[in-house]
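Below: one structure, written as structure tokens.
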Amino acid sequence: MAFPKRLLTTDEEIILDLRPHWIALVGPIVVAILVVVAWGFLFTNLPHNKVVHQTLFYGGLLVGTVILLWYCLRQVIKWGTAHFVVTNERVIHRQGLISKTSMEIPLDRIQNVRFHQGVFERMIGAGDIILESAGEQGTNTFSDIRHPERTQKVIYEHAESFTMRMQGGVRQEAAPSMTQELQRLADLRDRGAITEEEFQAQKARLLGSG
């Protein structure tokens, strides 16, 4: 299910609409399998005493059902209803079926964008996005994001573009010096927003035009 466009402002456009990576379902699936295995072991080894038999049977059934509904089903619903959205104005994280939770970070408030991937996460294309923003929201970590490196680059680029639009093109009127532009490109490279090849290409273009 796509992110509802009715929640967007008049001139707002969706750049990325990401669902959580399937790795987020591993935990509830493992727990569900363990519950089924435990049921099978318990129900095939019940004692012959009628009272003990009924107590263990209904007790085990109740505990397993609570675990499946309270943890496994809840996690699956969170996964199925979650959206990590990047628009040309803000970053939105929204999830929930009946009880919904949502948080938004305007692009001009984002001060830093980082991502983290373990070895296994790199293999499957998942990871965490860490956004540092001004105000009360501070640092927010979003887990199980698909292709976090590409997502980091998209957020950073559109945050820069949005800030320039909000400032009415002031940056374009006061053109930066070549040294400042090279420093900006180096910073983008160090943050991981552009590759070394893109940095060298932009550097050669600047030096050639100078």
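By order in the structure tokens, chains are A, B, ...; within a chain, residues start at 1; ligands start at 1, following the order shown.
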Interface rows for range 44-157 of chain A against range 193-201 of chain A: nearest pair, Å to one decimal, 12 Å, only C-alpha atoms, as a Markdown table:
| residue | atom | partner | partner_atom | distance |
| --- | --- | --- | --- | --- |
| A:Asn112 | CA | A:Ala193 | CA | 11.0 |
| A:Val113 | CA | A:Ala193 | CA | 9.1 |
| A:Arg114 | CA | A:Ala193 | CA | 9.4 |
| A:Phe115 | CA | A:Ala193 | CA | 10.6 |
| A:Pro148 | CA | A:Ala193 | CA | 11.2 |
| A:Glu149 | CA | A:Ala193 | CA | 8.0 |
| A:Arg150 | CA | A:Ala193 | CA | 8.2 |
| A:Thr151 | CA | A:Ala193 | CA | 9.4 |
| A:Gln152 | CA | A:Ala193 | CA | 6.8 |
| A:Lys153 | CA | A:Ala193 | CA | 4.5 |
| A:Val154 | CA | A:Ala193 | CA | 8.1 |
| A:Ile155 | CA | A:Ala193 | CA | 9.1 |
| A:Tyr156 | CA | A:Ala193 | CA | 6.9 |
| A:Glu157 | CA | A:Ala193 | CA | 7.8 |
Restricting it to all heavy atoms, dump the selection as a CSV table (one decimal), in the first residue's frame.
chain,number,residue,atom,x,y,z
A,112,ASN,N,22.3,16.7,10.0
A,112,ASN,CA,23.3,15.7,9.6
A,112,ASN,C,22.5,14.4,9.3
A,112,ASN,O,21.5,14.1,9.9
A,112,ASN,CB,24.3,15.4,10.7
A,112,ASN,CG,25.4,14.5,10.3
A,112,ASN,OD1,25.7,14.4,9.1
A,112,ASN,ND2,26.1,13.9,11.2
A,113,VAL,N,23.0,13.7,8.3
A,113,VAL,CA,22.4,12.4,7.9
A,113,VAL,C,23.4,11.3,7.8
A,113,VAL,O,24.5,11.5,7.2
A,113,VAL,CB,21.7,12.5,6.4
A,113,VAL,CG1,21.0,11.2,6.1
A,113,VAL,CG2,20.8,13.7,6.3
A,114,ARG,N,23.2,10.2,8.6
A,114,ARG,CA,24.2,9.2,8.6
A,114,ARG,C,23.5,7.8,8.4
A,114,ARG,O,22.3,7.8,8.6
A,114,ARG,CB,24.9,9.1,10.0
A,114,ARG,CG,25.8,10.3,10.2
A,114,ARG,CD,26.5,10.3,11.6
A,114,ARG,NE,25.6,10.5,12.7
A,114,ARG,CZ,25.4,9.6,13.6
A,114,ARG,NH1,26.0,8.4,13.6
A,114,ARG,NH2,24.6,9.9,14.6
A,115,PHE,N,24.2,6.8,8.0
A,115,PHE,CA,23.6,5.5,8.0
A,115,PHE,C,24.6,4.5,8.6
A,115,PHE,O,25.8,4.7,8.7
A,115,PHE,CB,23.3,5.1,6.5
A,115,PHE,CG,24.5,4.7,5.7
A,115,PHE,CD1,24.9,3.4,5.6
A,115,PHE,CD2,25.3,5.7,5.0
A,115,PHE,CE1,26.0,3.0,4.8
A,115,PHE,CE2,26.4,5.4,4.2
A,115,PHE,CZ,26.7,4.0,4.1
A,148,PRO,N,20.1,2.0,2.7
A,148,PRO,CA,20.3,3.2,3.5
A,148,PRO,C,21.4,4.1,2.9
A,148,PRO,O,21.2,5.4,3.1
A,148,PRO,CB,20.8,2.6,4.8
A,148,PRO,CG,21.4,1.3,4.5
A,148,PRO,CD,20.5,0.7,3.4
A,149,GLU,N,22.4,3.6,2.2
A,149,GLU,CA,23.4,4.6,1.6
A,149,GLU,C,22.7,5.4,0.5
A,149,GLU,O,22.9,6.7,0.5
A,149,GLU,CB,24.5,3.8,1.0
A,149,GLU,CG,25.7,4.6,0.5
A,149,GLU,CD,26.9,3.8,0.1
A,149,GLU,OE1,26.8,2.6,0.1
A,149,GLU,OE2,27.9,4.4,-0.2
A,150,ARG,N,21.9,4.8,-0.3
A,150,ARG,CA,21.2,5.6,-1.4
A,150,ARG,C,20.2,6.6,-0.7
A,150,ARG,O,20.1,7.7,-1.1
A,150,ARG,CB,20.5,4.7,-2.3
A,150,ARG,CG,19.7,5.4,-3.4
A,150,ARG,CD,19.2,4.4,-4.5
A,150,ARG,NE,18.3,3.5,-3.9
A,150,ARG,CZ,17.0,3.7,-3.9
A,150,ARG,NH1,16.5,4.8,-4.3
A,150,ARG,NH2,16.2,2.7,-3.4
A,151,THR,N,19.5,6.1,0.3
A,151,THR,CA,18.5,6.9,1.0
A,151,THR,C,19.2,8.1,1.7
A,151,THR,O,18.7,9.3,1.6
A,151,THR,CB,17.8,6.1,2.1
A,151,THR,OG1,17.2,5.0,1.5
A,151,THR,CG2,16.7,6.9,2.8
A,152,GLN,N,20.4,7.9,2.3
A,152,GLN,CA,21.1,9.0,2.9
A,152,GLN,C,21.4,10.1,1.8
A,152,GLN,O,21.3,11.3,2.1
A,152,GLN,CB,22.4,8.5,3.5
A,152,GLN,CG,23.3,9.6,4.1
A,152,GLN,CD,24.8,9.2,4.0
A,152,GLN,OE1,25.3,8.6,3.1
A,152,GLN,NE2,25.5,9.6,5.1
A,153,LYS,N,21.9,9.7,0.7
A,153,LYS,CA,22.2,10.6,-0.4
A,153,LYS,C,21.0,11.4,-0.9
A,153,LYS,O,21.1,12.6,-1.0
A,153,LYS,CB,22.9,9.9,-1.6
A,153,LYS,CG,23.3,10.8,-2.7
A,153,LYS,CD,23.9,9.9,-3.8
A,153,LYS,CE,24.4,10.8,-5.0
A,153,LYS,NZ,25.0,10.1,-6.1
A,154,VAL,N,19.9,10.7,-1.0
A,154,VAL,CA,18.7,11.4,-1.5
A,154,VAL,C,18.2,12.5,-0.4
A,154,VAL,O,17.9,13.6,-0.8
A,154,VAL,CB,17.6,10.4,-1.7
A,154,VAL,CG1,16.2,11.1,-1.9
A,154,VAL,CG2,17.9,9.5,-2.9
A,155,ILE,N,18.2,12.1,0.8
A,155,ILE,CA,17.8,13.0,1.9
A,155,ILE,C,18.7,14.3,1.9
A,155,ILE,O,18.3,15.4,2.0
A,155,ILE,CB,17.8,12.3,3.3
A,155,ILE,CG1,16.8,11.3,3.3
A,155,ILE,CG2,17.6,13.4,4.4
A,155,ILE,CD1,16.8,10.4,4.6
A,156,TYR,N,20.1,14.0,1.8
A,156,TYR,CA,21.0,15.1,1.9
A,156,TYR,C,20.8,16.1,0.7
A,156,TYR,O,20.8,17.3,0.9
A,156,TYR,CB,22.4,14.6,2.0
A,156,TYR,CG,23.4,15.6,2.3
A,156,TYR,CD1,23.8,15.9,3.6
A,156,TYR,CD2,24.1,16.4,1.3
A,156,TYR,CE1,24.7,16.9,4.0
A,156,TYR,CE2,25.0,17.4,1.6
A,156,TYR,CZ,25.3,17.6,3.0
A,156,TYR,OH,26.2,18.6,3.3
A,157,GLU,N,20.7,15.5,-0.5
A,157,GLU,CA,20.6,16.4,-1.6
A,157,GLU,C,19.3,17.2,-1.6
A,157,GLU,O,19.3,18.4,-1.9
A,157,GLU,CB,20.6,15.5,-2.9
A,157,GLU,CG,21.9,14.9,-3.2
A,157,GLU,CD,21.9,13.9,-4.4
A,157,GLU,OE1,20.7,13.5,-4.8
A,157,GLU,OE2,22.9,13.6,-5.0
Distance query Ile29 in chain A at most 12 Å, only C-alpha atoms, self and fewer than 5 positions along chain excluded, as a ChimeraX atom specification: /A:22-24,34-36,67-68,71-76
Write the residues of the selection above to a file with all heavy atoms, as a CSV table (one decimal), in the first residue's frame.
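For reference, part_9.csv as written:
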chain,number,residue,atom,x,y,z
A,22,TRP,N,12.5,-6.8,4.8
A,22,TRP,CA,12.0,-8.0,5.3
A,22,TRP,C,12.7,-8.6,6.5
A,22,TRP,O,12.2,-9.4,7.3
A,22,TRP,CB,11.9,-9.1,4.2
A,22,TRP,CG,13.3,-9.4,3.6
A,22,TRP,CD1,13.8,-8.9,2.5
A,22,TRP,CD2,14.3,-10.3,4.2
A,22,TRP,NE1,15.0,-9.4,2.2
A,22,TRP,CE2,15.4,-10.3,3.3
A,22,TRP,CE3,14.4,-11.1,5.3
A,22,TRP,CZ2,16.5,-11.0,3.5
A,22,TRP,CZ3,15.5,-11.8,5.6
A,22,TRP,CH2,16.6,-11.8,4.6
A,23,ILE,N,13.9,-8.1,6.8
A,23,ILE,CA,14.7,-8.6,7.9
A,23,ILE,C,14.0,-8.3,9.2
A,23,ILE,O,14.2,-8.9,10.2
A,23,ILE,CB,16.1,-7.9,7.9
A,23,ILE,CG1,17.0,-8.6,8.9
A,23,ILE,CG2,16.0,-6.4,8.2
A,23,ILE,CD1,17.3,-10.0,8.6
A,24,ALA,N,13.1,-7.3,9.2
A,24,ALA,CA,12.3,-6.9,10.4
A,24,ALA,C,11.4,-8.0,10.8
A,24,ALA,O,10.9,-8.0,12.0
A,24,ALA,CB,11.6,-5.6,10.2
A,34,LEU,N,9.0,-21.1,17.4
A,34,LEU,CA,9.3,-21.6,18.7
A,34,LEU,C,8.0,-21.9,19.5
A,34,LEU,O,7.9,-22.9,20.2
A,34,LEU,CB,10.2,-20.6,19.5
A,34,LEU,CG,11.6,-20.5,19.0
A,34,LEU,CD1,12.3,-19.4,19.8
A,34,LEU,CD2,12.4,-21.8,19.1
A,35,VAL,N,7.0,-21.1,19.3
A,35,VAL,CA,5.7,-21.3,20.0
A,35,VAL,C,5.1,-22.6,19.5
A,35,VAL,O,4.6,-23.4,20.3
A,35,VAL,CB,4.8,-20.1,19.8
A,35,VAL,CG1,3.4,-20.5,20.3
A,35,VAL,CG2,5.3,-18.9,20.6
A,36,VAL,N,5.1,-22.8,18.2
A,36,VAL,CA,4.5,-24.0,17.6
A,36,VAL,C,5.2,-25.2,18.0
A,36,VAL,O,4.6,-26.3,18.3
A,36,VAL,CB,4.4,-23.8,16.0
A,36,VAL,CG1,4.0,-25.1,15.4
A,36,VAL,CG2,3.5,-22.7,15.6
A,67,ILE,N,1.5,-14.8,23.2
A,67,ILE,CA,2.7,-14.4,22.6
A,67,ILE,C,2.5,-14.2,21.1
A,67,ILE,O,3.1,-13.2,20.6
A,67,ILE,CB,3.8,-15.5,22.8
A,67,ILE,CG1,4.2,-15.6,24.3
A,67,ILE,CG2,5.0,-15.3,22.0
A,67,ILE,CD1,5.1,-16.8,24.6
A,68,LEU,N,1.8,-15.0,20.5
A,68,LEU,CA,1.5,-14.9,19.0
A,68,LEU,C,0.8,-13.6,18.7
A,68,LEU,O,1.1,-12.9,17.7
A,68,LEU,CB,0.7,-16.1,18.5
A,68,LEU,CG,1.5,-17.4,18.4
A,68,LEU,CD1,0.6,-18.5,17.9
A,68,LEU,CD2,2.7,-17.3,17.5
A,71,TYR,N,3.0,-10.2,20.5
A,71,TYR,CA,4.3,-9.9,19.9
A,71,TYR,C,4.3,-10.1,18.4
A,71,TYR,O,4.5,-9.2,17.6
A,71,TYR,CB,5.4,-10.7,20.6
A,71,TYR,CG,6.8,-10.5,19.9
A,71,TYR,CD1,7.5,-9.3,20.1
A,71,TYR,CD2,7.3,-11.4,19.1
A,71,TYR,CE1,8.7,-9.1,19.5
A,71,TYR,CE2,8.5,-11.2,18.5
A,71,TYR,CZ,9.2,-10.0,18.7
A,71,TYR,OH,10.4,-9.8,18.1
A,72,CYS,N,4.1,-11.3,18.0
A,72,CYS,CA,4.3,-11.6,16.5
A,72,CYS,C,3.3,-10.9,15.6
A,72,CYS,O,3.7,-10.2,14.7
A,72,CYS,CB,4.1,-13.2,16.3
A,72,CYS,SG,5.3,-14.2,17.3
A,73,LEU,N,2.0,-10.9,15.9
A,73,LEU,CA,1.0,-10.2,15.1
A,73,LEU,C,1.3,-8.7,15.1
A,73,LEU,O,1.2,-8.1,14.1
A,73,LEU,CB,-0.4,-10.6,15.5
A,73,LEU,CG,-1.5,-10.0,14.7
A,73,LEU,CD1,-1.4,-10.4,13.2
A,73,LEU,CD2,-2.9,-10.3,15.3
A,74,ARG,N,1.6,-8.2,16.3
A,74,ARG,CA,1.8,-6.8,16.4
A,74,ARG,C,3.0,-6.3,15.6
A,74,ARG,O,3.0,-5.3,14.9
A,74,ARG,CB,2.1,-6.4,17.9
A,74,ARG,CG,2.1,-4.9,18.1
A,74,ARG,CD,2.2,-4.6,19.6
A,74,ARG,NE,3.5,-5.0,20.1
A,74,ARG,CZ,3.9,-4.6,21.3
A,74,ARG,NH1,3.2,-3.8,22.1
A,74,ARG,NH2,5.1,-5.0,21.8
A,75,GLN,N,4.1,-7.1,15.6
A,75,GLN,CA,5.3,-6.8,14.8
A,75,GLN,C,5.0,-6.9,13.3
A,75,GLN,O,5.4,-6.0,12.5
A,75,GLN,CB,6.4,-7.7,15.1
A,75,GLN,CG,7.0,-7.6,16.5
A,75,GLN,CD,7.5,-6.1,16.8
A,75,GLN,OE1,8.2,-5.6,16.0
A,75,GLN,NE2,7.1,-5.6,17.9
A,76,VAL,N,4.2,-7.9,12.9
A,76,VAL,CA,3.8,-8.0,11.5
A,76,VAL,C,3.0,-6.8,11.0
A,76,VAL,O,3.1,-6.3,9.9
A,76,VAL,CB,3.1,-9.3,11.2
A,76,VAL,CG1,2.5,-9.4,9.8
A,76,VAL,CG2,4.0,-10.5,11.4
Would you give me, as JSON lines, each residue of range 88-122 of chain A having an atom within 12 Å of an atom of range 130-135 of chain A, along with its shortest atom pair and that distance in Å to one decimal, using only C-alpha atoms and sorting by chain and residue number?
{"residue": "A:Arg90", "atom": "CA", "partner": "A:Ser133", "partner_atom": "CA", "distance": 11.6}
{"residue": "A:Val91", "atom": "CA", "partner": "A:Leu131", "partner_atom": "CA", "distance": 9.6}
{"residue": "A:Ile92", "atom": "CA", "partner": "A:Leu131", "partner_atom": "CA", "distance": 11.7}
{"residue": "A:His93", "atom": "CA", "partner": "A:Leu131", "partner_atom": "CA", "distance": 11.9}
{"residue": "A:Glu104", "atom": "CA", "partner": "A:Ser133", "partner_atom": "CA", "distance": 10.9}
{"residue": "A:Ile105", "atom": "CA", "partner": "A:Ser133", "partner_atom": "CA", "distance": 7.6}
{"residue": "A:Pro106", "atom": "CA", "partner": "A:Ser133", "partner_atom": "CA", "distance": 8.8}
{"residue": "A:Leu107", "atom": "CA", "partner": "A:Ser133", "partner_atom": "CA", "distance": 8.9}
{"residue": "A:Asp108", "atom": "CA", "partner": "A:Ser133", "partner_atom": "CA", "distance": 8.8}
{"residue": "A:Arg109", "atom": "CA", "partner": "A:Ser133", "partner_atom": "CA", "distance": 5.3}
{"residue": "A:Ile110", "atom": "CA", "partner": "A:Ser133", "partner_atom": "CA", "distance": 4.3}
{"residue": "A:Gln111", "atom": "CA", "partner": "A:Ser133", "partner_atom": "CA", "distance": 5.1}
{"residue": "A:Asn112", "atom": "CA", "partner": "A:Glu132", "partner_atom": "CA", "distance": 5.0}
{"residue": "A:Val113", "atom": "CA", "partner": "A:Leu131", "partner_atom": "CA", "distance": 4.9}
{"residue": "A:Arg114", "atom": "CA", "partner": "A:Ile130", "partner_atom": "CA", "distance": 5.0}
{"residue": "A:Phe115", "atom": "CA", "partner": "A:Ile130", "partner_atom": "CA", "distance": 5.8}
{"residue": "A:His116", "atom": "CA", "partner": "A:Ile130", "partner_atom": "CA", "distance": 7.9}
{"residue": "A:Gln117", "atom": "CA", "partner": "A:Ile130", "partner_atom": "CA", "distance": 11.3}
Only C-alpha atoms, please: the residues just picked out, written as a PDB file, in the first residue's frame.
ATOM      1  CA  ARG A  90      10.154  16.697   4.868  1.00  0.00           C
ATOM      2  CA  VAL A  91      10.981  13.191   6.092  1.00  0.00           C
ATOM      3  CA  ILE A  92       7.977  11.233   7.394  1.00  0.00           C
ATOM      4  CA  HIS A  93       7.853   8.002   9.394  1.00  0.00           C
ATOM      5  CA  GLU A 104       7.894  14.419  10.624  1.00  0.00           C
ATOM      6  CA  ILE A 105      11.186  16.270  10.234  1.00  0.00           C
ATOM      7  CA  PRO A 106      11.266  19.299   7.903  1.00  0.00           C
ATOM      8  CA  LEU A 107      14.202  19.103   5.511  1.00  0.00           C
ATOM      9  CA  ASP A 108      15.527  22.515   6.538  1.00  0.00           C
ATOM     10  CA  ARG A 109      15.880  21.288  10.153  1.00  0.00           C
ATOM     11  CA  ILE A 110      18.064  18.313   9.249  1.00  0.00           C
ATOM     12  CA  GLN A 111      21.657  19.019  10.278  1.00  0.00           C
ATOM     13  CA  ASN A 112      23.271  15.659   9.587  1.00  0.00           C
ATOM     14  CA  VAL A 113      22.363  12.392   7.853  1.00  0.00           C
ATOM     15  CA  ARG A 114      24.202   9.158   8.638  1.00  0.00           C
ATOM     16  CA  PHE A 115      23.645   5.491   7.957  1.00  0.00           C
ATOM     17  CA  HIS A 116      24.872   2.317   9.639  1.00  0.00           C
ATOM     18  CA  GLN A 117      25.140  -1.192   8.216  1.00  0.00           C
TER      19      GLN A 117
END
Å distance separating CA of Ile145 in chain A from CA of Gly27 in chain A, one decimal place: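 One can read the CA of Ile145 in chain A to CA of Gly27 in chain A distance as 16.0 Å.
For Glu121 in chain A, the residues within 10 Å (counting only C-alpha atoms, excluding itself and residues fewer than 2 positions away along the chain) are Ile23, His116, Gln117, Gly118, Val119, Met123, Ile124, Gly125, Ala126, Gly127, Asp128, Asp144, Arg146, His147 and Pro148 of chain A.
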Residues flagged helix (DSSP H, G or I) by DSSP in range 16-74 of chain A, as number ranges by chain: A: 22-43, 50-74
Shell around Ile14 in chain A at 7 Å using only C-alpha atoms, local window under 6 positions removed, as a list of chain:residue names: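 Those residues are A:Val86, A:Thr87, A:Asn88.
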Using only C-alpha atoms: which of A:Leu182, A:Met103, A:Leu61, A:Leu25 has the shortest distance to Trp39 in chain A: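 Once distances to Trp39 in chain A are computed over only C-alpha atoms, the minimum belongs to A:Leu61.
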For CA of Ile98 in chain A and CA of Val30 in chain A, the interatomic separation in Å (one decimal):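 A separation of 25.3 Å between them.
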Backbone-only DSSP, strand (DSSP E) members of range 83-207 of chain A, as a ChimeraX atom specification: /A:83-87,90-95,101-106,110-116,126-133,139-146
Next, the residues of the selection above should be written as a compact mmCIF listing (two decimals), in the first residue's frame with N, CA, C and O atoms.
# COMPACT_ATOMS: atom_id res chain seq x y z
N HIS A 83 5.79 3.22 6.84
CA HIS A 83 6.33 3.93 5.68
C HIS A 83 7.45 4.86 6.14
O HIS A 83 7.30 5.57 7.14
N PHE A 84 8.56 4.85 5.42
CA PHE A 84 9.61 5.85 5.59
C PHE A 84 9.62 6.66 4.31
O PHE A 84 10.03 6.16 3.26
N VAL A 85 9.14 7.90 4.39
CA VAL A 85 8.89 8.70 3.20
C VAL A 85 9.78 9.93 3.19
O VAL A 85 9.92 10.62 4.21
N VAL A 86 10.36 10.20 2.03
CA VAL A 86 11.11 11.43 1.81
C VAL A 86 10.38 12.21 0.73
O VAL A 86 10.15 11.71 -0.37
N THR A 87 9.98 13.44 1.06
CA THR A 87 9.36 14.32 0.07
C THR A 87 10.30 15.49 -0.21
O THR A 87 11.41 15.55 0.32
N ARG A 90 9.97 17.29 3.55
CA ARG A 90 10.15 16.70 4.87
C ARG A 90 10.44 15.20 4.78
O ARG A 90 10.28 14.59 3.72
N VAL A 91 10.85 14.64 5.92
CA VAL A 91 10.98 13.19 6.09
C VAL A 91 9.86 12.75 7.02
O VAL A 91 9.64 13.35 8.08
N ILE A 92 9.14 11.71 6.64
CA ILE A 92 7.98 11.23 7.39
C ILE A 92 8.16 9.76 7.74
O ILE A 92 8.53 8.96 6.87
N HIS A 93 7.91 9.41 8.99
CA HIS A 93 7.85 8.00 9.39
C HIS A 93 6.47 7.77 9.99
O HIS A 93 6.07 8.43 10.95
N ARG A 94 5.74 6.81 9.42
CA ARG A 94 4.35 6.58 9.82
C ARG A 94 4.08 5.08 9.88
O ARG A 94 4.51 4.34 9.00
N GLN A 95 3.38 4.64 10.92
CA GLN A 95 3.02 3.24 11.02
C GLN A 95 1.78 3.08 11.91
O GLN A 95 1.44 3.97 12.68
N THR A 101 0.99 6.00 14.65
CA THR A 101 2.02 6.92 15.13
C THR A 101 2.73 7.52 13.92
O THR A 101 2.92 6.86 12.90
N SER A 102 3.08 8.79 14.05
CA SER A 102 3.72 9.47 12.93
C SER A 102 4.66 10.54 13.45
O SER A 102 4.40 11.16 14.49
N MET A 103 5.79 10.71 12.77
CA MET A 103 6.70 11.80 13.09
C MET A 103 7.21 12.40 11.79
O MET A 103 7.34 11.71 10.77
N GLU A 104 7.46 13.70 11.81
CA GLU A 104 7.89 14.42 10.62
C GLU A 104 9.08 15.31 10.98
O GLU A 104 9.10 15.92 12.05
N ILE A 105 10.03 15.39 10.07
CA ILE A 105 11.19 16.27 10.23
C ILE A 105 11.31 17.13 8.97
O ILE A 105 11.58 16.59 7.89
N PRO A 106 11.08 18.43 9.08
CA PRO A 106 11.27 19.30 7.90
C PRO A 106 12.71 19.21 7.40
O PRO A 106 13.65 19.13 8.19
N ILE A 110 17.11 19.42 9.21
CA ILE A 110 18.06 18.31 9.25
C ILE A 110 19.49 18.87 9.18
O ILE A 110 19.85 19.57 8.25
N GLN A 111 20.29 18.53 10.19
CA GLN A 111 21.66 19.02 10.28
C GLN A 111 22.68 17.98 9.84
O GLN A 111 23.77 18.32 9.41
N ASN A 112 22.33 16.71 9.97
CA ASN A 112 23.27 15.66 9.59
C ASN A 112 22.49 14.39 9.26
O ASN A 112 21.47 14.10 9.88
N VAL A 113 22.98 13.65 8.26
CA VAL A 113 22.36 12.39 7.85
C VAL A 113 23.44 11.32 7.84
O VAL A 113 24.46 11.47 7.16
N ARG A 114 23.24 10.25 8.60
CA ARG A 114 24.20 9.16 8.64
C ARG A 114 23.47 7.84 8.43
O ARG A 114 22.26 7.75 8.62
N PHE A 115 24.23 6.83 8.04
CA PHE A 115 23.64 5.49 7.96
C PHE A 115 24.60 4.49 8.59
O PHE A 115 25.80 4.73 8.69
N HIS A 116 24.06 3.37 9.03
CA HIS A 116 24.87 2.32 9.64
C HIS A 116 24.43 0.97 9.09
O HIS A 116 23.23 0.67 9.03
N ALA A 126 20.08 -3.70 3.83
CA ALA A 126 19.30 -3.06 4.90
C ALA A 126 20.24 -2.29 5.81
O ALA A 126 21.47 -2.42 5.72
N GLY A 127 19.67 -1.47 6.69
CA GLY A 127 20.51 -0.71 7.62
C GLY A 127 19.69 0.35 8.35
O GLY A 127 18.46 0.41 8.24
N ASP A 128 20.39 1.18 9.09
CA ASP A 128 19.77 2.24 9.88
C ASP A 128 20.09 3.61 9.28
O ASP A 128 21.20 3.83 8.78
N ILE A 129 19.12 4.49 9.34
CA ILE A 129 19.32 5.90 8.97
C ILE A 129 19.24 6.72 10.25
O ILE A 129 18.29 6.59 11.02
N ILE A 130 20.27 7.54 10.48
CA ILE A 130 20.31 8.41 11.67
C ILE A 130 20.21 9.85 11.22
O ILE A 130 21.05 10.34 10.46
N LEU A 131 19.17 10.53 11.68
CA LEU A 131 18.95 11.93 11.33
C LEU A 131 19.16 12.81 12.56
O LEU A 131 18.55 12.58 13.60
N GLU A 132 20.03 13.79 12.43
CA GLU A 132 20.23 14.78 13.49
C GLU A 132 19.56 16.07 13.05
O GLU A 132 19.87 16.61 11.98
N SER A 133 18.63 16.54 13.87
CA SER A 133 17.86 17.72 13.48
C SER A 133 17.84 18.75 14.59
O SER A 133 18.09 18.43 15.76
N THR A 139 18.25 13.62 17.79
CA THR A 139 18.72 12.52 16.95
C THR A 139 17.67 11.42 16.91
O THR A 139 17.18 10.97 17.93
N ASN A 140 17.33 10.99 15.69
CA ASN A 140 16.34 9.93 15.50
C ASN A 140 16.95 8.83 14.64
O ASN A 140 17.56 9.11 13.60
N THR A 141 16.78 7.59 15.08
CA THR A 141 17.29 6.44 14.35
C THR A 141 16.13 5.64 13.78
O THR A 141 15.19 5.29 14.50
N PHE A 142 16.19 5.36 12.49
CA PHE A 142 15.16 4.58 11.81
C PHE A 142 15.80 3.27 11.33
O PHE A 142 16.73 3.29 10.54
N SER A 143 15.28 2.16 11.84
CA SER A 143 15.89 0.86 11.59
C SER A 143 15.24 0.14 10.41
O SER A 143 14.12 0.45 10.00
N ASP A 144 15.98 -0.84 9.88
CA ASP A 144 15.50 -1.72 8.81
C ASP A 144 15.09 -0.95 7.56
O ASP A 144 14.08 -1.26 6.92
N ILE A 145 15.88 0.08 7.22
CA ILE A 145 15.63 0.88 6.02
C ILE A 145 16.28 0.20 4.82
O ILE A 145 17.42 -0.27 4.89
N ARG A 146 15.56 0.14 3.72
CA ARG A 146 16.11 -0.44 2.49
C ARG A 146 17.13 0.51 1.86
O ARG A 146 16.89 1.71 1.78
For Ala32 in chain A, the nearest of the candidates A:Lys100, A:Ala159, A:His53, A:Thr65, counting only C-alpha atoms: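 Using only C-alpha atoms, Ala32 in chain A sits closest to A:Thr65.
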Within 7 Å of Thr81 in chain A using only C-alpha atoms, minus same-chain residues under 4 positions, as a list in words: Ile77, Gln95, Gly96 and Leu97 of chain A
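Picture a line from CA of Lys5 in chain A to CA of Met164 in chain A; it runs 24.8 Å.
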